[in-house]
$ cat my_file_24.cif   # mmCIF, C-alpha atoms
data_final
#
loop_
_atom_site.label_atom_id
_atom_site.label_comp_id
_atom_site.auth_asym_id
_atom_site.auth_seq_id
_atom_site.Cartn_x
_atom_site.Cartn_y
_atom_site.Cartn_z
CA MET W 3 -2.57 -9.62 -10.18
CA ASP W 4 -4.17 -9.19 -13.60
CA ILE W 5 -0.94 -8.67 -15.55
CA ASP W 6 -2.50 -8.88 -19.02
CA GLY W 7 -5.63 -6.81 -18.37
CA ASP W 8 -8.09 -9.52 -19.34
CA GLY W 9 -10.15 -9.34 -16.16
CA ASP W 10 -8.81 -12.38 -14.29
CA LEU W 11 -5.90 -12.94 -11.91
CA ASP W 12 -2.60 -14.37 -13.12
CA LEU W 13 0.22 -15.85 -11.03
CA PHE W 14 3.94 -15.17 -10.62
CA LEU W 15 6.09 -17.48 -8.49
CA GLN W 16 9.57 -17.10 -7.06
CA GLY W 17 11.12 -20.09 -5.32
CA GLY W 18 13.10 -19.22 -2.20
CA PHE W 19 16.18 -17.17 -3.05
CA SER W 20 15.99 -18.08 -6.73
CA SER W 21 16.43 -15.05 -8.95
CA SER W 22 14.10 -16.29 -11.70
CA ILE W 23 10.36 -15.62 -11.89
CA THR W 24 7.90 -18.21 -13.21
CA PHE W 25 4.73 -16.93 -14.85
CA PHE W 26 1.40 -18.76 -15.01
CA GLU W 27 -1.30 -17.12 -17.12
CA ASN W 28 -4.90 -17.64 -16.11
CA THR W 29 -6.47 -19.04 -19.27
CA GLY W 30 -9.72 -19.77 -17.46
CA THR W 31 -11.97 -17.32 -15.63
CA ASN W 32 -12.21 -15.67 -12.22
CA THR W 33 -14.58 -18.37 -11.00
CA LEU W 34 -12.89 -21.30 -12.80
CA PRO W 35 -9.20 -20.41 -13.09
CA GLU W 36 -6.81 -22.52 -15.16
CA PHE W 37 -3.12 -21.66 -14.96
CA THR W 38 -0.79 -22.29 -17.88
CA GLU W 39 2.95 -21.69 -17.59
CA ARG W 40 4.36 -19.16 -20.05
CA THR W 41 8.09 -19.16 -20.82
CA GLY W 42 10.54 -17.17 -22.91
CA THR W 43 9.15 -13.95 -24.35
CA ASP W 44 5.65 -14.94 -23.19
CA ASN W 45 6.85 -14.37 -19.63
CA PRO W 46 7.14 -10.58 -19.15
CA LEU W 47 9.73 -11.11 -16.39
CA SER W 48 11.77 -13.85 -18.09
CA SER W 49 14.87 -11.65 -18.44
CA ILE W 50 14.68 -10.10 -14.94
CA ASN W 51 16.79 -11.43 -12.07
CA ILE W 52 15.21 -10.73 -8.70
CA ARG W 53 16.41 -11.42 -5.15
CA GLY W 54 13.79 -10.44 -2.56
CA GLY W 55 10.12 -9.55 -2.75
CA LEU W 56 8.20 -8.59 -5.90
CA SER W 57 5.36 -6.07 -5.89
CA PHE W 58 3.22 -4.85 -8.81
CA VAL W 59 1.80 -1.32 -8.62
CA ASP W 60 0.86 1.51 -10.97
CA ILE W 61 3.34 3.91 -9.37
CA ASP W 62 3.13 6.56 -12.10
CA ASN W 63 -0.68 6.43 -12.46
CA ASP W 64 -0.54 5.78 -16.21
CA GLY W 65 -2.98 2.87 -16.12
CA ASP W 66 -0.58 -0.08 -16.35
CA LEU W 67 1.27 -2.08 -13.71
CA ASP W 68 4.91 -1.35 -12.90
CA ALA W 69 6.97 -3.49 -10.53
CA PHE W 70 9.37 -3.07 -7.62
CA PHE W 71 11.64 -5.82 -6.39
CA GLY W 72 13.67 -6.30 -3.25
CA SER W 73 17.34 -7.13 -3.36
CA THR W 74 19.76 -9.09 -1.22
CA ALA W 75 22.26 -6.38 -0.37
CA VAL W 76 23.85 -4.78 2.68
CA ASP W 77 21.23 -2.02 2.65
CA GLY W 78 18.25 -3.96 1.29
CA ALA W 79 17.88 -1.68 -1.73
CA VAL W 80 14.73 -1.78 -3.90
CA GLY W 81 14.84 -1.98 -7.70
CA PHE W 82 12.26 -0.55 -10.12
CA LEU W 83 10.83 -2.05 -13.32
CA GLU W 84 8.79 0.39 -15.39
CA ASN W 85 6.15 -0.99 -17.73
CA ILE W 86 6.90 0.63 -21.08
CA GLY W 87 4.40 -1.63 -22.86
CA THR W 88 0.63 -1.62 -22.40
CA VAL W 89 -1.96 -2.97 -19.98
CA SER W 90 -2.49 -6.10 -22.09
CA SER W 91 1.13 -6.54 -23.30
CA PRO W 92 3.50 -5.42 -20.53
CA ILE W 93 7.20 -4.86 -21.23
CA PHE W 94 9.36 -4.27 -18.17
CA THR W 95 12.65 -2.40 -18.19
CA GLU W 96 14.79 -1.71 -15.14
CA LEU W 97 15.37 1.95 -14.31
CA SER W 98 18.06 3.17 -11.93
CA GLY W 99 19.31 6.43 -10.46
CA VAL W 100 16.81 9.26 -10.25
CA ASP W 101 14.40 7.30 -12.47
CA ASN W 102 13.84 4.86 -9.61
CA PRO W 103 11.43 6.45 -7.06
CA LEU W 104 12.94 4.24 -4.34
CA ILE W 105 16.59 4.78 -5.24
CA ASN W 106 17.38 6.31 -1.84
CA VAL W 107 15.33 3.83 0.15
CA THR W 108 17.14 1.31 2.34
CA VAL W 109 16.06 -0.94 5.19
CA ALA W 110 17.94 -1.96 8.36
CA SER W 111 21.70 -2.27 8.04
CA ILE W 112 24.25 -4.33 9.99
CA SER W 113 27.89 -4.42 8.96
CA GLY W 114 28.73 -7.56 7.01
CA PHE W 115 25.13 -8.76 6.81
CA SER W 116 23.10 -8.76 3.59
CA PHE W 117 19.44 -7.82 3.87
CA SER W 118 16.53 -8.92 1.73
CA SER W 119 13.77 -6.36 1.19
CA PHE W 120 10.09 -7.06 0.56
CA PRO W 121 8.19 -3.98 -0.68
CA THR W 122 4.47 -3.40 -0.99
CA PHE W 123 2.41 -0.27 -1.65
CA VAL W 124 -0.73 1.10 -0.04
CA ASP W 125 -2.27 4.50 0.72
CA VAL W 126 -1.43 4.46 4.43
CA ASP W 127 -2.32 8.08 5.21
CA GLY W 128 -5.40 8.38 3.00
CA ASP W 129 -4.09 11.27 0.89
CA GLY W 130 -4.74 9.64 -2.48
CA ASP W 131 -1.25 8.46 -3.34
CA LEU W 132 0.62 5.22 -2.64
CA ASP W 133 3.09 4.90 0.22
CA ALA W 134 5.68 2.13 0.59
CA VAL W 135 5.89 -0.46 3.37
CA ILE W 136 9.02 -2.61 3.21
CA GLY W 137 9.83 -5.76 5.18
CA ASP W 138 13.37 -6.95 5.86
CA SER W 139 15.41 -9.96 6.96
CA LEU W 140 15.10 -9.11 10.65
CA GLY W 141 11.29 -9.11 10.57
CA PHE W 142 10.67 -5.36 10.88
CA LEU W 143 8.56 -3.10 8.67
CA SER W 144 9.86 0.25 7.42
CA TYR W 145 7.42 2.96 6.31
CA PHE W 146 8.14 5.45 3.53
CA GLU W 147 5.50 8.14 3.08
CA ASN W 148 4.85 9.40 -0.44
CA THR W 149 5.25 13.16 -0.12
CA GLY W 150 4.96 13.62 -3.88
CA THR W 151 1.91 12.83 -5.99
CA ALA W 152 0.16 9.83 -7.51
CA GLU W 153 2.00 10.52 -10.79
CA ALA W 154 5.42 11.51 -9.40
CA ALA W 155 6.16 9.67 -6.16
CA VAL W 156 8.72 10.98 -3.66
CA PHE W 157 9.33 8.73 -0.66
CA GLU W 158 10.41 9.91 2.82
CA GLU W 159 11.12 7.46 5.64
CA ARG W 160 9.07 7.84 8.83
CA ILE W 161 10.48 6.34 12.01
CA GLY W 162 9.48 5.90 15.63
CA ALA W 163 5.99 7.15 16.45
CA ASP W 164 5.60 8.39 12.85
CA ASN W 165 5.82 4.80 11.60
CA PRO W 166 2.40 3.15 12.18
CA PHE W 167 4.10 -0.26 11.81
CA ASN W 168 6.77 0.43 14.41
CA GLY W 169 5.42 -2.27 16.73
CA VAL W 170 5.04 -4.95 14.07
CA VAL W 171 7.79 -7.58 14.29
CA VAL W 172 7.80 -11.18 13.00
CA ASP W 173 10.40 -13.94 13.00
CA GLY W 174 12.51 -12.76 10.08
CA PHE W 175 11.92 -12.01 6.38
CA SER W 176 8.77 -9.95 6.95
CA THR W 177 6.64 -9.93 3.79
CA PRO W 178 3.68 -7.50 4.10
CA VAL W 179 0.36 -7.64 2.23
CA PHE W 180 -2.67 -5.38 2.78
CA THR W 181 -6.33 -6.27 2.20
CA ASP W 182 -9.69 -5.57 3.84
CA VAL W 183 -10.31 -9.17 4.85
CA ASP W 184 -13.29 -8.49 7.14
CA GLY W 185 -15.05 -5.92 4.97
CA ASP W 186 -15.06 -3.20 7.63
CA GLY W 187 -13.65 -0.51 5.35
CA HIS W 188 -10.19 -0.64 6.94
CA LEU W 189 -7.15 -2.36 5.48
CA ASP W 190 -5.80 -5.27 7.50
CA LEU W 191 -2.12 -6.23 7.39
CA PHE W 192 -0.84 -9.75 6.82
CA VAL W 193 2.87 -10.46 7.30
CA GLY W 194 4.62 -13.68 6.30
CA ASP W 195 7.78 -14.74 8.10
CA ASN W 196 10.84 -16.97 7.86
CA ASN W 197 8.98 -19.99 9.25
CA GLY W 198 6.24 -19.92 6.65
CA LEU W 199 3.71 -18.48 9.08
CA VAL W 200 1.37 -15.56 8.33
CA ARG W 201 0.34 -13.12 11.05
CA ARG W 202 -2.58 -10.70 10.88
CA PHE W 203 -2.54 -7.15 12.26
CA GLU W 204 -5.57 -4.85 12.48
CA PRO W 205 -5.61 -1.06 12.79
CA ALA W 206 -5.84 -0.25 16.48
CA SER W 207 -6.07 3.50 16.84
CA ASP W 208 -8.16 6.61 17.15
CA GLY W 209 -10.61 7.27 14.35
CA GLN W 210 -12.51 10.32 13.23
CA ILE W 211 -16.18 11.08 12.68
CA THR W 212 -17.07 13.66 10.04
CA ILE W 213 -20.39 15.50 10.33
CA THR W 214 -21.42 17.36 7.18
CA VAL W 215 -23.70 20.34 7.73
CA ASN W 216 -25.92 22.03 5.13
CA ASN W 217 -28.25 24.96 5.72
CA VAL W 218 -31.59 24.21 4.03
CA ASP W 219 -32.52 27.90 3.72
CA ASP W 220 -29.25 29.11 2.23
CA PRO W 221 -27.00 26.18 1.20
CA SER W 222 -24.73 28.43 -0.85
CA VAL W 223 -23.65 30.29 2.27
CA VAL W 224 -23.69 27.71 5.02
CA SER W 225 -21.91 24.46 4.34
CA GLY W 226 -18.93 22.60 5.69
CA SER W 227 -17.83 19.85 8.01
CA PHE W 228 -17.13 19.36 11.68
CA ILE W 229 -14.67 16.64 12.68
CA GLY W 230 -14.73 15.06 16.11
CA ALA W 231 -12.20 12.52 17.36
CA VAL W 232 -13.44 9.13 18.54
CA THR W 233 -11.28 6.65 20.44
CA GLU W 234 -11.90 2.96 19.89
CA GLY W 235 -11.75 0.67 22.89
CA ASN W 236 -9.82 -2.54 23.31
CA ASP W 237 -9.30 -4.94 20.42
CA GLY W 238 -12.51 -6.87 19.85
CA ASP W 239 -14.84 -4.11 21.01
CA ALA W 240 -17.74 -3.07 18.78
CA ASP W 241 -17.10 -0.26 16.30
CA VAL W 242 -17.83 3.25 17.57
CA THR W 243 -20.73 5.02 15.84
CA ALA W 244 -22.49 8.34 16.38
CA THR W 245 -25.70 9.92 15.10
CA GLY W 246 -27.58 13.13 15.80
CA ASP W 247 -28.57 16.60 14.61
CA LEU W 248 -26.43 19.73 14.61
CA THR W 249 -28.25 23.08 14.69
CA ILE W 250 -26.60 26.34 13.57
CA THR W 251 -28.11 29.67 14.63
CA ASP W 252 -27.41 33.10 13.20
CA VAL W 253 -26.35 34.47 16.58
CA ASP W 254 -25.22 37.90 15.32
CA ALA W 255 -28.27 38.45 13.06
CA ASP W 256 -26.24 39.23 9.94
CA ASP W 257 -28.04 36.53 7.91
CA THR W 258 -24.74 34.72 7.23
CA PRO W 259 -24.14 32.02 9.83
CA SER W 260 -20.75 30.55 9.04
CA PHE W 261 -17.98 28.29 10.31
CA ALA W 262 -14.62 27.06 9.06
CA ASP W 263 -14.52 24.23 6.53
CA VAL W 264 -12.35 21.35 7.69
CA ALA W 265 -11.03 18.62 5.41
CA SER W 266 -11.61 15.04 6.50
CA THR W 267 -8.50 12.88 6.84
CA LEU W 268 -7.78 9.26 7.70
CA GLY W 269 -5.11 10.08 10.25
CA GLY W 270 -3.66 8.16 13.16
CA SER W 271 -4.05 4.53 12.14
CA ARG W 272 -1.58 2.19 13.80
CA PHE W 273 -1.18 -1.55 13.50
CA GLY W 274 -0.48 -3.85 16.37
#

$ encode --input "my_file_24.cif" --output "structure tokens"
Amino acid sequence: MDIDGDGDLDLFLQGGFSSSITFFENTGTNTLPEFTERTGTDNPLSSINIRGGLSFVDIDNDGDLDAFFGSTAVDGAVGFLENIGTVSSPIFTELSGVDNPLINVTVASISGFSFSSFPTFVDVDGDGDLDAVIGDSLGFLSYFENTGTAEAAVFEERIGADNPFNGVVVDGFSTPVFTDVDGDGHLDLFVGDNNGLVRRFEPASDGQITITVNNVDDPSVVSGSFIGAVTEGNDGDADVTATGDLTITDVDADDTPSFADVASTLGGSRFG
């Protein structure tokens, strides 16, 4: 991530279960990176002890990066570090209680067993705010939908069929990362595991086609969208596409052909 806002990617490292974070600033460029270790006050996380995953995200939509970190606890709790500095000079302070958007979030629990949690953030449901996907020591992924806003996140756990990652299981210590690796406009999921392996999961679900209709003669009256569901075939099949013309006729001769406007949503994506 670009922690200092200078346009290139920097590097944070955590070794195994070590609680300390090592920071390497990119003093080169995006095309010719050079990493220089920064210590003491030049490391924005030098005073933070972390056990579990570390994820940077602008959770309050104020333009700078905040951070969430996983813990090693019975319930796999997630801590929150708010950036009270700036984009170029971050200062992180830990917030607890109601000031932590994930204060009530826990992952799988077994009596007498401590769980590590590995959070990451992505707009899973396409509603414009960031949801949380959290790995755990057993290799599962928990999904917490953001039912609040981009500025004030409120997370609610979704389980069973409401968790699009319900079928994703790896061999312990699942560490999720999302990126569009194949450039198809859909986020792919990569999950690291306890053996140092990384597995890739693609969305494998129904999609939606949105057809926007405009009346050339009277665009102020007739406009809107029609959404039709499209089911993708087996993994590896070609993407489903559709083209064509939609004609609207003023069947009742009142000079105001109309239909209901329907909002387009992402909807239904599952990973497997």

$ resolve_selection --input "my_file_24.cif" --expression "the PyMOL selection byres ((chain W and resi 10) around 10)" --output "list in words"
Met3, Asp4, Ile5, Asp6, Gly7, Asp8, Gly9, Leu11, Asp12, Glu27, Asn28, Thr29, Gly30, Thr31, Asn32, Thr33, Leu34 and Pro35 of chain W

$ resolve_selection --input "my_file_24.cif" --expression "the PyMOL selection byres ((chain W and resi 97) around 8)" --output "JSON, numbers by chain"
{"W": [81, 82, 83, 84, 95, 96, 98, 99, 101, 102]}

$ atom_distance --input "my_file_24.cif" --atom1 "atom CA of Asp173 of chain W" --atom2 "atom CA of Asp190 of chain W"
19.2 Å

$ atom_distance --input "my_file_24.cif" --atom1 "atom CA of Gly87 of chain W" --atom2 "atom CA of Thr151 of chain W"
22.4 Å

$ closest_residue --input "my_file_24.cif" --among "W:Asp131, W:Gly162, W:Thr122, W:Asp138" --to "Phe180 of chain W" --atoms "all atoms listed in the file"
W:Thr122

$ closest_residue --input "my_file_24.cif" --among "W:Asp195, W:Asp44, W:Asp129, W:Asp62" --to "Gly174 of chain W" --atoms "only C-alpha atoms"
W:Asp195

$ residues_around --input "my_file_24.cif" --residues "Ser49 of chain W" --least-positions-apart "2" --cutoff "10 Å" --atoms "all atoms listed in the file" --output "list in words"
Ser22, Ile23, Gly42, Thr43, Asn45, Pro46, Leu47, Asn51, Ile52, Phe94 and Thr95 of chain W

$ atom_distance --input "my_file_24.cif" --atom1 "atom CA of Phe203 of chain W" --atom2 "atom CA of Phe142 of chain W"
13.4 Å

$ resolve_selection --input "my_file_24.cif" --expression "the PyMOL selection byres ((chain W and resi 68) around 9)" --output "PyMOL selection string"
chain W and resi 57-62+66-67+69-70+82-86+92+94

$ closest_residue --input "my_file_24.cif" --among "W:Glu159, W:Arg202, W:Val171, W:Thr177" --to "Asn106 of chain W" --atoms "only C-alpha atoms"
W:Glu159

$ closest_residue --input "my_file_24.cif" --among "W:Leu132, W:Ile105, W:Val170, W:Ala163" --to "Thr149 of chain W" --atoms "all atoms listed in the file"
W:Leu132

$ closest_residue --input "my_file_24.cif" --among "W:Val135, W:Val172, W:Leu143, W:Val124" --to "His188 of chain W" --atoms "all atoms listed in the file"
W:Val124

$ closest_residue --input "my_file_24.cif" --among "W:Val193, W:Leu104, W:Val200, W:Val183" --to "Ala154 of chain W" --atoms "all atoms listed in the file"
W:Leu104
